[in-house]
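Data block below; observations after.
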Number of protein chains: 2
Amino acid sequence: MTDVTDVASLVNAVMATSQAARAEAAHRQGLLAKPPGSLGRLEALSPQLAAVAGCCPPRVSARPALLLAAADHGVHAQQVSAWPQALSTAIASGCVRGDSVAAVLAARSAVRLVVLDVGLMTPPPTGPGLCSRRVRAGTRNLLVEDAMTQGEAAQALLAGADAAGDLLDDGADLLLLGEVGIANTTAAACLTGHLTGTSPGEVTGPGAGADVAALHRKTAVVAAALARVGPQPDPLRVLAALGGLEHAALVGAMLRAAAAGVPVLLDGVSTTAAALVAVRMCPALPGYLIASHRSSEPAAGVALAHLDLAPLLDLDLRLGEGSGALLALPLVQAAAAVLRDTGLIGEL
Amino acid sequence: MTDVTDVASLVNAVMATSQAARAEAAHRQGLLAKPPGSLGRLEALSPQLAAVAGCCPPRVSARPALLLAAADHGVHAQQVSAWPQALSTAIASGCVRGDSVAAVLAARSAVRLVVLDVGLMTPPPTGPGLCSRRVRAGTRNLLVEDAMTQGEAAQALLAGADAAGDLLDDGADLLLLGEVGIANTTAAACLTGHLTGTSPGEVTGPGAGADVAALHRKTAVVAAALARVGPQPDPLRVLAALGGLEHAALVGAMLRAAAAGVPVLLDGVSTTAAALVAVRMCPALPGYLIASHRSSEPAAGVALAHLDLAPLLDLDLRLGEGSGALLALPLVQAAAAVLRDTGLIGEL
């Protein structure tokens, strides 16, 4: 169980964010040459960034990076998705190649994009943007058995931490998270339902386009899987039983970023599900998390409410691939720039 | 009445947007390598940009420009604002100098910013970002008399059209609009109330920070002004009676951009009030307008609903200065980039 021990070390490396820097940023915000509160919800963002950075004003992210964790799902066999499983690899390949939606958006915002293959059925062609840390070719079918062993989940988690660590070592100052994985909204619904105590009907949605029949099947699968696993206080066991390899990798990535004092920009329902797992492991983590958008997938709203995170965007996005995080990134940078560069009221 | 004739020519120069290009863009959107509809409300944006440009895919704005119309208001004498009138010039000066919130955000997004002084009480110091087309030093008090003559309103409108025209001639491919003017939310509430038939209580808000007593005064002023003017079908007369010089300039700017086939990104409550005037003059205009955000000022929501525009952001912003338009700009550019650059589904 060396991997499980390593997970514990990673969790313990996350320190609480700086309340002193947060207070200093809130004070500075009050001195800016604008009516107090006039930037609305953006005004909560720069104090959070200061708290994470431990200084005021915090940096304006100049080297953001997007880690896209990619994997396949045994539960795809239950016909919970409108799409063939092979699409996971096709999308991941588009991200590596540079013509997926995520790649187009990342290029616009000068975001470095890395695809982490932790368990696609078929590996995508190699490329400079691909990091291969395959734990297994897809998870097991979570309806009938645990999707991963605890060891596999820990291995995927540490792969995510390592991939994030490589980006941070290379200068990334803001970590965007996203995923690729056909059928992973089923796993995300299971994780969200289990970790928030919400009913299957409230956390299950159409994902990338399930029709009514598929949505019924999907809800029944989530209900049966939750019943199979039952109460379980250990978040790593919940993750192994119900999650995906990419969810595990996302947990590791956010813990590693937090341990390095770097803020994390979440995307949609899979990243918020992973955040629920990570926060259960590490109560200091929420201070590092920023919610980019409210996905139209219902589990995302449930998770955001549970995490007490207010999303920046609400555009009915449900693409995944980190697209919501990429779209919200300029708002995060803008909040920091306003705090740093706007003149003070006394200077008017 | 030459100016009024010139306004009519400007209105007549606006053509309907291209439904063929819109349909082509919607078709192309359906071929992109992503689940249909998965980019949510962003998916309405690129067909609109195609319709405005008359081609598909439409350009991704590379030279956006922000026109900030600035003026003062006679109604300030009614104590409707928490701020001294001199702050208008101070804020406009910060925008010219480069350390206002708008200037900071514009610099981040490579947006050219021009302040158009159409009637501040005190002109700001000159600078390369200032365009001076002063019609008069502030409007008259709209509570007791018409804020402008029709000729003055037309003159300010044409000043806005000219300033926008200069930006377009210089290569601007997307026009962001904003304003500076202490007490201008009172005028915006009057315009919105009159042009949408909404009650004073529903269109009047705290603006840049009116306290409860000031809000009561402000609502009473709006009610009395609407009663003073009464029914009036001519939008130029409504504008002259109840608006500000900056509202008039914004009307002209949006008409000129539309006439040139360039999309217009609105900001908060003053720009939506100006849009109500402009749309009443020119029924073809709405196809050119994009709503950046829903200001927390109530008249903004009323106007957006009346204009049938869905705002991109909803962050409780109420700063003005074009700040919401600047924050939403990356979303507009992203929507166009996704349509142009994402691979097609058949290529997967």
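Simple scheme: letters A, B, ... for chains in structure tokens order, numbers from 1 for residues in each chain, numbers from 1 for ligands in the order shown.
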
Check your understanding: Quick one: DSSP helix (DSSP H, G or I) residues in stretch 2-161 of chain B, as number ranges by chain?
Key -> B: 2-12, 19-31, 40-53, 74-78, 87-97, 101-108, 150-161

Output of the above residues as a PDB file, in the first residue's frame, restricted to C-alpha atoms:
```
ATOM      1  CA  THR B   2     -29.796  69.462 -40.472  1.00  0.00           C
ATOM      2  CA  ASP B   3     -28.534  67.319 -37.598  1.00  0.00           C
ATOM      3  CA  VAL B   4     -31.884  65.563 -37.302  1.00  0.00           C
ATOM      4  CA  THR B   5     -31.770  64.838 -41.045  1.00  0.00           C
ATOM      5  CA  ASP B   6     -28.262  63.425 -40.609  1.00  0.00           C
ATOM      6  CA  VAL B   7     -29.571  61.136 -37.874  1.00  0.00           C
ATOM      7  CA  ALA B   8     -32.191  59.831 -40.275  1.00  0.00           C
ATOM      8  CA  SER B   9     -29.499  59.115 -42.886  1.00  0.00           C
ATOM      9  CA  LEU B  10     -27.463  57.235 -40.314  1.00  0.00           C
ATOM     10  CA  VAL B  11     -30.476  55.117 -39.373  1.00  0.00           C
ATOM     11  CA  ASN B  12     -31.221  54.363 -43.014  1.00  0.00           C
ATOM     12  CA  GLN B  19     -29.806  35.288 -42.571  1.00  0.00           C
ATOM     13  CA  ALA B  20     -27.904  33.182 -45.104  1.00  0.00           C
ATOM     14  CA  ALA B  21     -24.622  33.612 -43.230  1.00  0.00           C
ATOM     15  CA  ARG B  22     -26.422  32.931 -39.951  1.00  0.00           C
ATOM     16  CA  ALA B  23     -27.835  29.680 -41.307  1.00  0.00           C
ATOM     17  CA  GLU B  24     -24.468  28.651 -42.711  1.00  0.00           C
ATOM     18  CA  ALA B  25     -22.834  29.240 -39.341  1.00  0.00           C
ATOM     19  CA  ALA B  26     -25.522  27.267 -37.513  1.00  0.00           C
ATOM     20  CA  HIS B  27     -24.984  24.427 -39.981  1.00  0.00           C
ATOM     21  CA  ARG B  28     -21.211  24.536 -39.541  1.00  0.00           C
ATOM     22  CA  GLN B  29     -21.680  24.545 -35.772  1.00  0.00           C
ATOM     23  CA  GLY B  30     -23.525  21.260 -36.078  1.00  0.00           C
ATOM     24  CA  LEU B  31     -20.536  19.724 -37.858  1.00  0.00           C
ATOM     25  CA  GLY B  40     -24.683  26.113 -24.485  1.00  0.00           C
ATOM     26  CA  ARG B  41     -25.441  29.781 -24.938  1.00  0.00           C
ATOM     27  CA  LEU B  42     -22.152  30.447 -26.710  1.00  0.00           C
ATOM     28  CA  GLU B  43     -23.596  28.570 -29.680  1.00  0.00           C
ATOM     29  CA  ALA B  44     -25.971  31.432 -30.456  1.00  0.00           C
ATOM     30  CA  LEU B  45     -23.125  33.881 -30.651  1.00  0.00           C
ATOM     31  CA  SER B  46     -21.129  32.721 -33.642  1.00  0.00           C
ATOM     32  CA  PRO B  47     -24.185  32.548 -35.959  1.00  0.00           C
ATOM     33  CA  GLN B  48     -24.982  36.107 -34.919  1.00  0.00           C
ATOM     34  CA  LEU B  49     -21.412  37.200 -35.656  1.00  0.00           C
ATOM     35  CA  ALA B  50     -21.681  35.485 -39.052  1.00  0.00           C
ATOM     36  CA  ALA B  51     -24.955  37.275 -39.749  1.00  0.00           C
ATOM     37  CA  VAL B  52     -23.371  40.632 -38.916  1.00  0.00           C
ATOM     38  CA  ALA B  53     -20.245  39.924 -40.958  1.00  0.00           C
ATOM     39  CA  GLY B  74     -28.238  68.461 -14.497  1.00  0.00           C
ATOM     40  CA  VAL B  75     -30.362  66.055 -12.477  1.00  0.00           C
ATOM     41  CA  HIS B  76     -27.368  65.600 -10.164  1.00  0.00           C
ATOM     42  CA  ALA B  77     -28.765  68.684  -8.380  1.00  0.00           C
ATOM     43  CA  GLN B  78     -31.594  66.477  -7.076  1.00  0.00           C
ATOM     44  CA  LEU B  87     -15.953  62.457 -10.150  1.00  0.00           C
ATOM     45  CA  SER B  88     -17.101  62.119 -13.785  1.00  0.00           C
ATOM     46  CA  THR B  89     -14.082  64.045 -15.002  1.00  0.00           C
ATOM     47  CA  ALA B  90     -11.806  62.252 -12.536  1.00  0.00           C
ATOM     48  CA  ILE B  91     -12.914  58.837 -13.817  1.00  0.00           C
ATOM     49  CA  ALA B  92     -12.707  59.911 -17.459  1.00  0.00           C
ATOM     50  CA  SER B  93      -9.203  61.199 -16.751  1.00  0.00           C
ATOM     51  CA  GLY B  94      -8.235  57.831 -15.259  1.00  0.00           C
ATOM     52  CA  CYS B  95      -9.480  56.160 -18.425  1.00  0.00           C
ATOM     53  CA  VAL B  96      -7.371  58.482 -20.589  1.00  0.00           C
ATOM     54  CA  ARG B  97      -4.372  58.171 -18.267  1.00  0.00           C
ATOM     55  CA  VAL B 101     -10.590  49.743 -14.076  1.00  0.00           C
ATOM     56  CA  ALA B 102     -11.643  50.049 -17.727  1.00  0.00           C
ATOM     57  CA  ALA B 103      -8.141  51.002 -18.805  1.00  0.00           C
ATOM     58  CA  VAL B 104      -6.626  48.081 -16.886  1.00  0.00           C
ATOM     59  CA  LEU B 105      -9.083  45.621 -18.445  1.00  0.00           C
ATOM     60  CA  ALA B 106      -8.698  47.134 -21.916  1.00  0.00           C
ATOM     61  CA  ALA B 107      -4.927  46.784 -21.724  1.00  0.00           C
ATOM     62  CA  ARG B 108      -5.266  43.094 -20.776  1.00  0.00           C
ATOM     63  CA  GLN B 150     -33.598  67.915 -29.992  1.00  0.00           C
ATOM     64  CA  GLY B 151     -30.747  69.621 -31.802  1.00  0.00           C
ATOM     65  CA  GLU B 152     -28.346  69.023 -28.918  1.00  0.00           C
ATOM     66  CA  ALA B 153     -29.382  65.380 -28.699  1.00  0.00           C
ATOM     67  CA  ALA B 154     -28.840  64.976 -32.437  1.00  0.00           C
ATOM     68  CA  GLN B 155     -25.478  66.706 -32.194  1.00  0.00           C
ATOM     69  CA  ALA B 156     -24.321  64.385 -29.386  1.00  0.00           C
ATOM     70  CA  LEU B 157     -25.655  61.380 -31.307  1.00  0.00           C
ATOM     71  CA  LEU B 158     -23.658  62.362 -34.382  1.00  0.00           C
ATOM     72  CA  ALA B 159     -20.564  62.993 -32.248  1.00  0.00           C
ATOM     73  CA  GLY B 160     -20.858  59.390 -31.074  1.00  0.00           C
ATOM     74  CA  ALA B 161     -21.328  58.196 -34.645  1.00  0.00           C
TER      75      ALA B 161
END
```

Exercise for review: Based on DSSP run over this structure's backbone, return all residues of stretch 85-307 of chain A in strand (DSSP E), as a list in words.
Suggested key: Arg112, Leu113, Val114, Val115, Leu116, Asp117, Val118, Gly119, Leu130, Cys131, Ser132, Leu174, Leu175, Leu176, Leu177, Gly178, Glu179, Val180, Val264, Leu265, Leu266, Leu289, Ile290 and Ala291 of chain A

Check your understanding: Neighbours of B:Thr122 within 10 Å (only C-alpha atoms; same-chain residues fewer than 4 positions away dropped), as a list in words?
Key -> Ala71, Asp72, Gln85, Ala86, Ser88, Thr89, Ala90, Asp117, Ala137 and Gly138 of chain B

Save the residues we just selected, C-alpha atoms, as a tab-separated table (two decimals), in the first residue's frame?
```tsv
chain	number	residue	atom	x	y	z
B	71	ALA	CA	-20.98	63.58	-19.82
B	72	ASP	CA	-22.55	65.21	-16.79
B	85	GLN	CA	-20.27	65.52	-9.99
B	86	ALA	CA	-16.54	66.20	-10.32
B	88	SER	CA	-17.10	62.12	-13.78
B	89	THR	CA	-14.08	64.05	-15.00
B	90	ALA	CA	-11.81	62.25	-12.54
B	117	ASP	CA	-16.26	63.92	-23.98
B	137	ALA	CA	-21.35	71.33	-20.11
B	138	GLY	CA	-23.79	68.77	-18.78
```

Exercise for review: Just the residues within 10 Å of B:Val262, please, counting only C-alpha atoms, with nothing from its chain fewer than 6 positions along; format it as a PyMOL selection string.
Suggested key: chain B and resi 49+52-53+61+168+172-175+254-256+288-289

Using only N, CA, C and O atoms, please write the residues we just selected to a file, as a PDB file, in the first residue's frame.
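Dumped everything to part-v2.pdb:
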```pdb
ATOM      1  N   LEU B  49     -22.596  36.518 -35.106  1.00  0.00           N
ATOM      2  CA  LEU B  49     -21.412  37.200 -35.656  1.00  0.00           C
ATOM      3  C   LEU B  49     -21.317  36.974 -37.163  1.00  0.00           C
ATOM      4  O   LEU B  49     -20.938  37.881 -37.916  1.00  0.00           O
ATOM      5  N   VAL B  52     -23.846  39.240 -38.872  1.00  0.00           N
ATOM      6  CA  VAL B  52     -23.371  40.632 -38.916  1.00  0.00           C
ATOM      7  C   VAL B  52     -22.290  40.783 -39.983  1.00  0.00           C
ATOM      8  O   VAL B  52     -22.296  41.738 -40.769  1.00  0.00           O
ATOM      9  N   ALA B  53     -21.359  39.833 -40.005  1.00  0.00           N
ATOM     10  CA  ALA B  53     -20.245  39.924 -40.958  1.00  0.00           C
ATOM     11  C   ALA B  53     -20.691  39.610 -42.382  1.00  0.00           C
ATOM     12  O   ALA B  53     -20.026  39.990 -43.347  1.00  0.00           O
ATOM     13  N   SER B  61     -12.531  38.691 -33.715  1.00  0.00           N
ATOM     14  CA  SER B  61     -12.101  40.086 -33.545  1.00  0.00           C
ATOM     15  C   SER B  61     -10.654  40.173 -33.086  1.00  0.00           C
ATOM     16  O   SER B  61     -10.267  39.621 -32.058  1.00  0.00           O
ATOM     17  N   LEU B 168     -13.660  52.736 -36.480  1.00  0.00           N
ATOM     18  CA  LEU B 168     -13.892  51.736 -37.532  1.00  0.00           C
ATOM     19  C   LEU B 168     -12.961  51.996 -38.719  1.00  0.00           C
ATOM     20  O   LEU B 168     -12.377  51.051 -39.281  1.00  0.00           O
ATOM     21  N   ALA B 172     -11.054  49.030 -36.376  1.00  0.00           N
ATOM     22  CA  ALA B 172     -11.783  48.338 -35.303  1.00  0.00           C
ATOM     23  C   ALA B 172     -12.786  47.361 -35.920  1.00  0.00           C
ATOM     24  O   ALA B 172     -13.536  47.721 -36.838  1.00  0.00           O
ATOM     25  N   ASP B 173     -12.796  46.112 -35.430  1.00  0.00           N
ATOM     26  CA  ASP B 173     -13.688  45.092 -35.993  1.00  0.00           C
ATOM     27  C   ASP B 173     -14.738  44.622 -35.002  1.00  0.00           C
ATOM     28  O   ASP B 173     -15.501  43.691 -35.280  1.00  0.00           O
ATOM     29  N   LEU B 174     -14.779  45.249 -33.831  1.00  0.00           N
ATOM     30  CA  LEU B 174     -15.808  44.965 -32.821  1.00  0.00           C
ATOM     31  C   LEU B 174     -15.857  46.206 -31.947  1.00  0.00           C
ATOM     32  O   LEU B 174     -14.813  46.692 -31.507  1.00  0.00           O
ATOM     33  N   LEU B 175     -17.065  46.725 -31.721  1.00  0.00           N
ATOM     34  CA  LEU B 175     -17.177  47.964 -30.949  1.00  0.00           C
ATOM     35  C   LEU B 175     -17.762  47.680 -29.580  1.00  0.00           C
ATOM     36  O   LEU B 175     -18.914  47.235 -29.469  1.00  0.00           O
ATOM     37  N   MET B 254     -23.643  53.092 -31.895  1.00  0.00           N
ATOM     38  CA  MET B 254     -24.125  51.749 -32.267  1.00  0.00           C
ATOM     39  C   MET B 254     -24.735  51.751 -33.670  1.00  0.00           C
ATOM     40  O   MET B 254     -24.574  50.778 -34.414  1.00  0.00           O
ATOM     41  N   LEU B 255     -25.367  52.848 -34.026  1.00  0.00           N
ATOM     42  CA  LEU B 255     -25.914  52.918 -35.389  1.00  0.00           C
ATOM     43  C   LEU B 255     -24.778  52.922 -36.424  1.00  0.00           C
ATOM     44  O   LEU B 255     -24.864  52.238 -37.456  1.00  0.00           O
ATOM     45  N   ARG B 256     -23.716  53.677 -36.141  1.00  0.00           N
ATOM     46  CA  ARG B 256     -22.609  53.738 -37.102  1.00  0.00           C
ATOM     47  C   ARG B 256     -21.919  52.375 -37.247  1.00  0.00           C
ATOM     48  O   ARG B 256     -21.581  51.949 -38.360  1.00  0.00           O
ATOM     49  N   TYR B 288     -27.318  43.409 -34.501  1.00  0.00           N
ATOM     50  CA  TYR B 288     -25.914  43.795 -34.318  1.00  0.00           C
ATOM     51  C   TYR B 288     -25.491  43.852 -32.857  1.00  0.00           C
ATOM     52  O   TYR B 288     -24.315  43.999 -32.570  1.00  0.00           O
ATOM     53  N   LEU B 289     -26.461  43.745 -31.948  1.00  0.00           N
ATOM     54  CA  LEU B 289     -26.177  43.987 -30.528  1.00  0.00           C
ATOM     55  C   LEU B 289     -25.916  42.695 -29.763  1.00  0.00           C
ATOM     56  O   LEU B 289     -26.660  41.724 -29.891  1.00  0.00           O
TER      57      LEU B 289
END
```

Review point. Using only C-alpha atoms, which residues sit within 8 Å of stretch 264-280 of chain B once same-chain residues fewer than 4 positions away are excluded, as a VMD selection string?
Key: chain B and resid 174 to 179 184 to 185 188 to 189 191 to 192 195 235 to 236 239 247 to 248 250 to 252 254 to 255 257 to 258 284 to 286 288 to 295 297 299 to 300 303 to 304 307 318 320 322 to 325 329

Practice item. Would you please work out which residue, of A:Ala187, A:Ala33, A:Leu143, A:Ile345, is nearest to chain B when using only C-alpha atoms? Key: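 Using only C-alpha atoms, chain B sits closest to A:Ala33.
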
Point to revise | Spatial neighbours of stretch 144-146 of chain B, 10 Å, only C-alpha atoms, chain gap at least 3 places, as a PyMOL selection string | key: chain B and resi 74-75+139-141+149-150+221+224-225+228-229+237-243

Write a file of the selected residues as a short mmCIF file (atom, residue, chain, number, x, y, z; two decimals), in the first residue's frame, keeping N, CA and C atoms.
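Result file selection31.cif:
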```
data_model
loop_
_atom_site.label_atom_id
_atom_site.label_comp_id
_atom_site.auth_asym_id
_atom_site.auth_seq_id
_atom_site.Cartn_x
_atom_site.Cartn_y
_atom_site.Cartn_z
N GLY B 74 -27.59 67.45 -15.32
CA GLY B 74 -28.24 68.46 -14.50
C GLY B 74 -29.03 67.87 -13.35
N VAL B 75 -29.54 66.67 -13.52
CA VAL B 75 -30.36 66.06 -12.48
C VAL B 75 -29.53 65.71 -11.24
N THR B 139 -26.10 68.15 -19.06
CA THR B 139 -27.48 68.36 -19.50
C THR B 139 -28.19 69.30 -18.53
N ARG B 140 -29.37 69.72 -18.91
CA ARG B 140 -30.26 70.43 -17.98
C ARG B 140 -30.89 69.41 -17.03
N ASN B 141 -31.55 69.91 -16.01
CA ASN B 141 -32.16 69.04 -15.00
C ASN B 141 -33.45 68.43 -15.53
N THR B 149 -32.09 69.97 -25.95
CA THR B 149 -32.96 70.25 -27.09
C THR B 149 -32.80 69.07 -28.06
N GLN B 150 -33.75 68.97 -28.97
CA GLN B 150 -33.60 67.92 -29.99
C GLN B 150 -32.31 68.09 -30.79
N VAL B 221 -37.86 61.24 -8.57
CA VAL B 221 -37.42 62.05 -9.71
C VAL B 221 -37.78 61.36 -11.02
N ALA B 224 -41.52 61.65 -11.54
CA ALA B 224 -41.94 63.01 -11.91
C ALA B 224 -41.51 63.34 -13.33
N ALA B 225 -40.32 62.90 -13.71
CA ALA B 225 -39.82 63.19 -15.06
C ALA B 225 -40.66 62.47 -16.10
N ARG B 228 -43.80 64.31 -16.39
CA ARG B 228 -43.59 65.58 -17.09
C ARG B 228 -43.59 65.37 -18.61
N VAL B 229 -42.93 64.34 -19.05
CA VAL B 229 -42.78 64.13 -20.50
C VAL B 229 -44.04 63.50 -21.11
N ARG B 237 -37.04 62.57 -29.42
CA ARG B 237 -37.62 63.49 -28.43
C ARG B 237 -37.53 62.91 -27.02
N VAL B 238 -37.75 61.61 -26.89
CA VAL B 238 -37.62 60.97 -25.58
C VAL B 238 -36.18 61.09 -25.08
N LEU B 239 -35.25 60.83 -25.99
CA LEU B 239 -33.82 60.93 -25.66
C LEU B 239 -33.49 62.34 -25.19
N ALA B 240 -33.96 63.35 -25.93
CA ALA B 240 -33.66 64.74 -25.58
C ALA B 240 -34.30 65.12 -24.25
N ALA B 241 -35.49 64.63 -24.01
CA ALA B 241 -36.21 65.02 -22.80
C ALA B 241 -35.62 64.39 -21.55
N LEU B 242 -35.20 63.12 -21.65
CA LEU B 242 -34.89 62.34 -20.45
C LEU B 242 -33.46 61.80 -20.39
N GLY B 243 -32.76 61.85 -21.51
CA GLY B 243 -31.47 61.16 -21.56
C GLY B 243 -30.30 62.04 -21.21
#
```

**Study point:** One-decimal distance in Å that lies between atom CA of A:Leu120 and atom CA of A:Leu245
**Key:** 9.1 Å

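One distance worth recording is that between atom CA of B:Thr198 and atom CA of B:Ala183, which is 19.8 Å.
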